[in-house]
Amino acid sequence: MEHADGGAPSPCRSPALWAIKHETKLIARSPGGLSFYHNFLFFIPVKRVLGQIFSSHPRVHENAGCASRYFRGIFTVKMTISLLQRNSLDSKMKKIDLTTSIGKWDLKNPVLTASGTFGYGQEFADYIDLNTLGAIVVKGISLLPRPGNPPPRVVETSCGMLNAIGLENVGIEEFIKEKLAVLSQYDTDVVVNILGDTINDYCELCTRLDQVEGIKAIEVNISCPNVKRGGVAFGTDAGMAHRLCSEIRKMTGKPLILKLSPNVTDISLIARAVEDGGADAVSLINTLLGMAIDIKTKKPRLANIVGGLSGPAIKPVALRMVWQTANAVKIPVIGIGGISSAEDALEFLLAGASAIQVGTANFINPAVSGEIIRGIKNYLLEQGLEAVSDLVGSLQM
Ligand SMILES: Cc1cc2nc3c(=O)[nH]c(=O)nc-3n(C[C@H](O)[C@H](O)[C@H](O)COP(=O)(O)O)c2cc1C
């Protein structure tokens, strides 16, 4: 069929039917059904199509005014209802309180990025609005720059990855001068993750960071499985963990978060030891010690032979440890381990975590933390809860 004005042939015998068919298709195609956004978007093109068809086709011309008034009426009602619903949802959303606290430090929401999986923050600025994050925990920093381990340092495993990066970093001075200067432009709290070989190293790092503005908290890595000295040695012995924590406590008034290793028999013992030593919070878990072998070469797939397992594969272990620790200490617990969605994060909050960190999932979807924040908010709304604090530790037995 040709349009009266000789325009393009309409794909259907009746232009009115064609228009109605297309309206239905457009709305059916819209992922949110009849949401305000989609009605708004579709209203304009569909109205234009209807107007053109009704005004250009001789047989329907006389009905054009009547039909377009009819469709306009439907759209207007739909839009008004959607707008009212949207406004009431918006005002409920705005009332939801996502804030959480770690000691005297108040965070805008409980979603942080995990050390070593988010670089120094800026690398992710093209993918996610850094200002929306609860905090950025930067790559582990040592007194002097470190080259890390030789490659291969990363291996993909079922539902996770093994890494033996070996704490490569730019060192404290370059971090403060270059990386922190860039991060300070954002309205996001910065947590510096530190590592050392000796108690003295940790003390020096804390003394240096204590004087630096723009650092909200210090996360102390006593749990890295990929280095030969220090690190995990402190995290697997309750006595050493207590000593280290008591010493660094003297060096800084900033909130101290001790990052615990899962490579122990009872993680809650280590958590209690650092709580006694003056920690403001504990974060857990770091990676689980693992290994992979290439059966063709019959050699280990990591140059370091062993590495740290992370990602969804470790989530159940991490969740269990967070729940055990939250029941063993009074200080806040930050949950880490395989968190890839809002549902995962919610499990950790229910188990007693006051906040969570997103790690390996950043490599799959660099915007995942934003999705997790929105998902937590939606869940609170659905559950009729007003604050994330209503959720923390509310696991039903
Ligand atoms: C590539 C890589 C580098 C990491 N580097 C550090 C680090 O420098 N300091 C640290 O405390 N943890 C580091 N981690 C451990 C993570 O912060 C996190 O505790 C662990 O990966 C578990 O969380 P996930 O399963 O969500 O990744 C690293 C993890 C990965 C995968």
# chains A, B, ... in the order shown; residues from 1 in each chain; ligands from 1

$ residues_near_ligand --ligand "ligand 1" --cutoff "6 Å" --atoms "only C-alpha atoms and all ligand atoms" --output "list in words"
Ala114, Ser115, Gly116, Thr117, Lys139, Gly140, Asn163, Leu167, Asn221, Ile285, Asn286, Thr287, Ser310, Gly311, Ile336, Gly337, Gly338, Ile339, Val358, Gly359 and Thr360 of chain A

$ select_by_dssp --residues "stretch 98-251 of chain A" --states "alpha helix (DSSP H)" --output "ChimeraX atom specification"
/A:172-174,180-183,199-210,232-235,238-249

$ residues_around --residues "A:Gly308" --least-positions-apart "4" --cutoff "8 Å" --atoms "only C-alpha atoms" --output "list of chain:residue names"
A:Met161, A:Leu162, A:Asn163, A:Ala164, A:Pro225, A:Asn226, A:Thr287, A:Leu288, A:Leu289, A:Gly290

$ closest_residue --among "A:Asn263, A:Arg272, A:Lys254, A:Leu183" --to "A:Ile222" --atoms "only C-alpha atoms"
A:Asn263

$ closest_residue --among "A:Ile257, A:Ile199, A:Ala342, A:Met397" --to "A:Gly278" --atoms "only C-alpha atoms"
A:Ile257

$ closest_atom_pairs --of "stretch 316-352 of chain A" --to "stretch 381-394 of chain A" --cutoff "9 Å" --atoms "only C-alpha atoms" --output "tab-separated table"
residue	atom	partner	partner_atom	distance
A:Trp323	CA	A:Gly393	CA	8.4
A:Ala326	CA	A:Gly393	CA	8.0
A:Leu346	CA	A:Leu391	CA	8.3
A:Phe348	CA	A:Val392	CA	8.4
A:Leu349	CA	A:Val392	CA	4.8
A:Leu350	CA	A:Gly393	CA	4.6
A:Ala351	CA	A:Gly393	CA	5.1
A:Gly352	CA	A:Gly393	CA	3.6

$ closest_atom_pairs --of "stretch 257-332 of chain A" --to "stretch 80-102 of chain A" --cutoff "12 Å" --atoms "only C-alpha atoms" --output "Markdown table"
| residue | atom | partner | partner_atom | distance |
| --- | --- | --- | --- | --- |
| A:Ile257 | CA | A:Ile102 | CA | 8.7 |
| A:Ala279 | CA | A:Ile102 | CA | 10.6 |
| A:Asp280 | CA | A:Ile102 | CA | 7.0 |
| A:Ala281 | CA | A:Ile102 | CA | 6.5 |
| A:Val282 | CA | A:Ile102 | CA | 9.5 |
| A:Ser283 | CA | A:Ile102 | CA | 10.7 |
| A:Lys330 | CA | A:Ile102 | CA | 11.4 |
| A:Ile331 | CA | A:Ile102 | CA | 8.1 |
| A:Pro332 | CA | A:Ile102 | CA | 6.1 |

$ select_by_dssp --residues "stretch 90-233 of chain A" --states "strand (DSSP E)" --output "number ranges by chain"
A: 100-102, 105-107, 111-113, 135-137, 154-157, 160-163, 189-194, 217-221

$ write_last_selection --atoms "C-alpha atoms" --output "PDB file, in the first residue's frame"
ATOM      1  CA  THR A 100      27.278   3.018  58.158  1.00  0.00           C
ATOM      2  CA  SER A 101      30.139   3.580  60.576  1.00  0.00           C
ATOM      3  CA  ILE A 102      33.500   2.049  61.314  1.00  0.00           C
ATOM      4  CA  TRP A 105      34.429   7.086  60.724  1.00  0.00           C
ATOM      5  CA  ASP A 106      31.035   7.593  59.043  1.00  0.00           C
ATOM      6  CA  LEU A 107      30.646   6.236  55.518  1.00  0.00           C
ATOM      7  CA  VAL A 111      30.167  -0.548  49.606  1.00  0.00           C
ATOM      8  CA  LEU A 112      33.965  -0.260  49.368  1.00  0.00           C
ATOM      9  CA  THR A 113      36.370  -1.546  46.755  1.00  0.00           C
ATOM     10  CA  ALA A 135      35.210   4.292  50.034  1.00  0.00           C
ATOM     11  CA  ILE A 136      38.112   3.238  47.861  1.00  0.00           C
ATOM     12  CA  VAL A 137      40.668   0.933  49.438  1.00  0.00           C
ATOM     13  CA  VAL A 154      47.510 -14.591  37.571  1.00  0.00           C
ATOM     14  CA  VAL A 155      45.574 -17.747  36.646  1.00  0.00           C
ATOM     15  CA  GLU A 156      41.857 -18.154  36.037  1.00  0.00           C
ATOM     16  CA  THR A 157      40.194 -20.987  37.984  1.00  0.00           C
ATOM     17  CA  GLY A 160      37.594 -17.456  40.595  1.00  0.00           C
ATOM     18  CA  MET A 161      41.224 -16.587  40.078  1.00  0.00           C
ATOM     19  CA  LEU A 162      44.605 -17.252  41.631  1.00  0.00           C
ATOM     20  CA  ASN A 163      47.034 -14.376  41.963  1.00  0.00           C
ATOM     21  CA  ASP A 189      36.775   8.437  51.276  1.00  0.00           C
ATOM     22  CA  VAL A 190      40.193   6.892  50.771  1.00  0.00           C
ATOM     23  CA  VAL A 191      41.500   3.972  52.796  1.00  0.00           C
ATOM     24  CA  VAL A 192      45.185   3.122  52.474  1.00  0.00           C
ATOM     25  CA  ASN A 193      46.070  -0.554  52.676  1.00  0.00           C
ATOM     26  CA  ILE A 194      49.555  -1.058  54.100  1.00  0.00           C
ATOM     27  CA  ALA A 217      41.405   5.033  57.550  1.00  0.00           C
ATOM     28  CA  ILE A 218      44.295   2.603  57.369  1.00  0.00           C
ATOM     29  CA  GLU A 219      43.750  -1.038  56.453  1.00  0.00           C
ATOM     30  CA  VAL A 220      46.586  -3.184  57.713  1.00  0.00           C
ATOM     31  CA  ASN A 221      47.316  -6.216  55.567  1.00  0.00           C
TER      32      ASN A 221
END

$ residues_around --residues "A:Ile293" --least-positions-apart "3" --cutoff "12 Å" --atoms "only C-alpha atoms" --output "JSON, numbers by chain"
{"A": [155, 156, 157, 162, 290, 296, 297, 298, 299, 300, 301, 302, 303, 304, 305, 306, 307]}

$ write_last_selection --atoms "N, CA and C atoms" --output "PDB file, in the first residue's frame"
ATOM      1  N   VAL A 155      46.136 -16.576  37.325  1.00  0.00           N
ATOM      2  CA  VAL A 155      45.574 -17.747  36.646  1.00  0.00           C
ATOM      3  C   VAL A 155      44.073 -17.771  36.901  1.00  0.00           C
ATOM      4  N   GLU A 156      43.298 -18.040  35.833  1.00  0.00           N
ATOM      5  CA  GLU A 156      41.857 -18.154  36.037  1.00  0.00           C
ATOM      6  C   GLU A 156      41.532 -19.570  36.522  1.00  0.00           C
ATOM      7  N   THR A 157      40.616 -19.674  37.468  1.00  0.00           N
ATOM      8  CA  THR A 157      40.194 -20.987  37.984  1.00  0.00           C
ATOM      9  C   THR A 157      38.663 -21.068  37.904  1.00  0.00           C
ATOM     10  N   LEU A 162      43.464 -17.154  40.717  1.00  0.00           N
ATOM     11  CA  LEU A 162      44.605 -17.252  41.631  1.00  0.00           C
ATOM     12  C   LEU A 162      45.541 -16.120  41.272  1.00  0.00           C
ATOM     13  N   GLY A 290      46.141 -21.182  47.381  1.00  0.00           N
ATOM     14  CA  GLY A 290      45.786 -22.214  46.397  1.00  0.00           C
ATOM     15  C   GLY A 290      46.899 -22.477  45.409  1.00  0.00           C
ATOM     16  N   LYS A 296      50.044 -30.136  30.803  1.00  0.00           N
ATOM     17  CA  LYS A 296      50.865 -30.363  29.603  1.00  0.00           C
ATOM     18  C   LYS A 296      52.347 -30.217  29.944  1.00  0.00           C
ATOM     19  N   THR A 297      52.669 -29.150  30.646  1.00  0.00           N
ATOM     20  CA  THR A 297      54.081 -28.910  30.988  1.00  0.00           C
ATOM     21  C   THR A 297      54.458 -29.587  32.311  1.00  0.00           C
ATOM     22  N   LYS A 298      53.420 -30.002  33.047  1.00  0.00           N
ATOM     23  CA  LYS A 298      53.594 -30.611  34.381  1.00  0.00           C
ATOM     24  C   LYS A 298      54.257 -29.641  35.355  1.00  0.00           C
ATOM     25  N   LYS A 299      54.023 -28.344  35.090  1.00  0.00           N
ATOM     26  CA  LYS A 299      54.622 -27.326  35.967  1.00  0.00           C
ATOM     27  C   LYS A 299      53.510 -26.518  36.651  1.00  0.00           C
ATOM     28  N   PRO A 300      53.837 -25.869  37.779  1.00  0.00           N
ATOM     29  CA  PRO A 300      52.843 -24.978  38.400  1.00  0.00           C
ATOM     30  C   PRO A 300      52.494 -23.854  37.430  1.00  0.00           C
ATOM     31  N   ARG A 301      51.257 -23.416  37.447  1.00  0.00           N
ATOM     32  CA  ARG A 301      50.843 -22.370  36.501  1.00  0.00           C
ATOM     33  C   ARG A 301      51.244 -20.971  36.973  1.00  0.00           C
ATOM     34  N   LEU A 302      51.593 -20.842  38.236  1.00  0.00           N
ATOM     35  CA  LEU A 302      52.100 -19.550  38.744  1.00  0.00           C
ATOM     36  C   LEU A 302      53.601 -19.670  38.972  1.00  0.00           C
ATOM     37  N   ALA A 303      54.349 -18.644  38.600  1.00  0.00           N
ATOM     38  CA  ALA A 303      55.795 -18.672  38.839  1.00  0.00           C
ATOM     39  C   ALA A 303      56.086 -18.800  40.342  1.00  0.00           C
ATOM     40  N   ASN A 304      55.196 -18.256  41.144  1.00  0.00           N
ATOM     41  CA  ASN A 304      55.361 -18.309  42.607  1.00  0.00           C
ATOM     42  C   ASN A 304      54.917 -19.665  43.177  1.00  0.00           C
ATOM     43  N   ILE A 305      54.496 -20.574  42.327  1.00  0.00           N
ATOM     44  CA  ILE A 305      53.941 -21.904  42.652  1.00  0.00           C
ATOM     45  C   ILE A 305      52.558 -21.795  43.302  1.00  0.00           C
ATOM     46  N   VAL A 306      52.475 -21.093  44.430  1.00  0.00           N
ATOM     47  CA  VAL A 306      51.176 -20.947  45.089  1.00  0.00           C
ATOM     48  C   VAL A 306      50.703 -19.505  44.960  1.00  0.00           C
ATOM     49  N   GLY A 307      49.411 -19.322  45.134  1.00  0.00           N
ATOM     50  CA  GLY A 307      48.851 -17.964  45.042  1.00  0.00           C
ATOM     51  C   GLY A 307      47.572 -17.856  45.846  1.00  0.00           C
TER      52      GLY A 307
END

$ closest_residue --among "A:Asn365, A:Glu343, A:Leu309, A:Ile356" --to "A:Ser158" --atoms "only C-alpha atoms"
A:Leu309

$ decode --residues "stretch 225-354 of chain A" --atoms "C-alpha atoms" --output "compact mmCIF listing (two decimals), in the first residue's frame"
# COMPACT_ATOMS: atom_id res chain seq x y z
CA PRO A 225 49.86 -15.19 51.17
CA ASN A 226 52.12 -14.16 48.26
CA VAL A 227 55.15 -12.70 50.00
CA LYS A 228 57.90 -14.49 51.85
CA ARG A 229 58.28 -12.18 54.86
CA GLY A 230 55.96 -10.25 57.14
CA GLY A 231 52.34 -9.98 56.04
CA VAL A 232 50.67 -13.27 56.68
CA ALA A 233 53.16 -14.22 59.43
CA PHE A 234 51.40 -11.61 61.62
CA GLY A 235 47.97 -12.73 60.54
CA THR A 236 48.32 -16.40 61.42
CA ASP A 237 49.59 -16.01 64.98
CA ALA A 238 47.29 -14.39 67.54
CA GLY A 239 50.21 -13.27 69.75
CA MET A 240 52.03 -11.56 66.87
CA ALA A 241 48.80 -10.01 65.57
CA HIS A 242 48.14 -8.54 69.02
CA ARG A 243 51.69 -7.16 69.32
CA LEU A 244 51.65 -5.58 65.89
CA CYS A 245 48.28 -3.99 66.49
CA SER A 246 49.24 -2.58 69.91
CA GLU A 247 52.39 -1.01 68.42
CA ILE A 248 50.75 0.63 65.40
CA ARG A 249 47.88 1.85 67.58
CA LYS A 250 50.40 4.15 69.29
CA MET A 251 51.36 5.71 65.94
CA THR A 252 48.01 6.89 64.65
CA GLY A 253 44.62 8.21 65.66
CA LYS A 254 43.11 7.27 62.29
CA PRO A 255 40.72 4.31 62.25
CA LEU A 256 42.72 1.08 62.01
CA ILE A 257 41.23 -1.85 60.12
CA LEU A 258 43.13 -5.11 60.47
CA LYS A 259 42.74 -7.31 57.39
CA LEU A 260 42.62 -10.95 58.37
CA SER A 261 43.78 -14.12 56.70
CA PRO A 262 41.45 -17.07 56.12
CA ASN A 263 44.47 -19.39 56.15
CA VAL A 264 44.07 -20.14 59.86
CA THR A 265 42.20 -22.68 61.97
CA ASP A 266 40.09 -20.16 63.90
CA ILE A 267 39.86 -16.66 62.45
CA SER A 268 37.84 -15.35 65.41
CA LEU A 269 40.89 -15.88 67.69
CA ILE A 270 42.96 -13.53 65.52
CA ALA A 271 40.06 -11.07 65.39
CA ARG A 272 39.83 -11.00 69.18
CA ALA A 273 43.60 -10.54 69.46
CA VAL A 274 43.59 -7.42 67.26
CA GLU A 275 40.47 -6.09 68.98
CA ASP A 276 42.39 -6.30 72.28
CA GLY A 277 45.32 -4.63 70.54
CA GLY A 278 43.20 -1.56 69.74
CA ALA A 279 41.88 -2.20 66.21
CA ASP A 280 38.79 -0.18 65.26
CA ALA A 281 37.56 -2.84 62.85
CA VAL A 282 38.54 -6.04 61.09
CA SER A 283 38.15 -6.80 57.39
CA LEU A 284 38.01 -10.35 56.08
CA ILE A 285 38.85 -12.34 54.15
CA ASN A 286 42.02 -11.99 52.16
CA THR A 287 42.66 -14.71 49.57
CA LEU A 288 42.80 -18.43 50.34
CA LEU A 289 46.09 -20.14 49.59
CA GLY A 290 45.79 -22.21 46.40
CA MET A 291 47.63 -23.75 43.49
CA ALA A 292 47.14 -24.74 39.84
CA ILE A 293 49.17 -27.11 37.66
CA ASP A 294 49.50 -27.15 33.87
CA ILE A 295 49.17 -30.83 33.00
CA LYS A 296 50.86 -30.36 29.60
CA THR A 297 54.08 -28.91 30.99
CA LYS A 298 53.59 -30.61 34.38
CA LYS A 299 54.62 -27.33 35.97
CA PRO A 300 52.84 -24.98 38.40
CA ARG A 301 50.84 -22.37 36.50
CA LEU A 302 52.10 -19.55 38.74
CA ALA A 303 55.80 -18.67 38.84
CA ASN A 304 55.36 -18.31 42.61
CA ILE A 305 53.94 -21.90 42.65
CA VAL A 306 51.18 -20.95 45.09
CA GLY A 307 48.85 -17.96 45.04
CA GLY A 308 45.75 -16.45 46.57
CA LEU A 309 42.33 -17.71 45.46
CA SER A 310 39.59 -15.07 45.13
CA GLY A 311 36.22 -14.58 43.46
CA PRO A 312 32.82 -16.31 43.78
CA ALA A 313 34.53 -19.64 44.62
CA ILE A 314 35.49 -18.34 48.08
CA LYS A 315 32.21 -16.61 48.98
CA PRO A 316 30.71 -19.35 51.19
CA VAL A 317 33.95 -19.65 53.17
CA ALA A 318 34.20 -15.88 53.56
CA LEU A 319 30.57 -15.60 54.64
CA ARG A 320 31.01 -18.27 57.28
CA MET A 321 34.12 -16.53 58.63
CA VAL A 322 32.42 -13.13 58.70
CA TRP A 323 29.47 -14.57 60.61
CA GLN A 324 31.81 -16.34 63.11
CA THR A 325 33.88 -13.19 63.60
CA ALA A 326 30.89 -10.86 63.95
CA ASN A 327 29.70 -13.09 66.78
CA ALA A 328 33.12 -13.06 68.44
CA VAL A 329 34.05 -9.34 68.52
CA LYS A 330 32.39 -6.03 69.35
CA ILE A 331 34.23 -3.94 66.73
CA PRO A 332 32.72 -3.66 63.23
CA VAL A 333 33.45 -6.33 60.66
CA ILE A 334 33.94 -5.59 56.96
CA GLY A 335 33.00 -8.54 54.74
CA ILE A 336 35.10 -9.47 51.70
CA GLY A 337 35.20 -12.52 49.47
CA GLY A 338 33.52 -13.26 46.16
CA ILE A 339 30.97 -10.46 46.38
CA SER A 340 29.66 -9.92 42.84
CA SER A 341 26.07 -8.74 43.29
CA ALA A 342 23.75 -6.92 45.68
CA GLU A 343 22.43 -10.32 46.82
CA ASP A 344 25.95 -11.39 47.79
CA ALA A 345 26.51 -8.12 49.65
CA LEU A 346 23.18 -8.49 51.47
CA GLU A 347 24.17 -11.95 52.68
CA PHE A 348 27.30 -10.47 54.29
CA LEU A 349 25.33 -7.63 55.90
CA LEU A 350 22.80 -10.12 57.29
CA ALA A 351 25.69 -12.21 58.64
CA GLY A 352 26.89 -9.19 60.64
CA ALA A 353 29.17 -7.17 58.35
CA SER A 354 28.79 -3.38 58.79
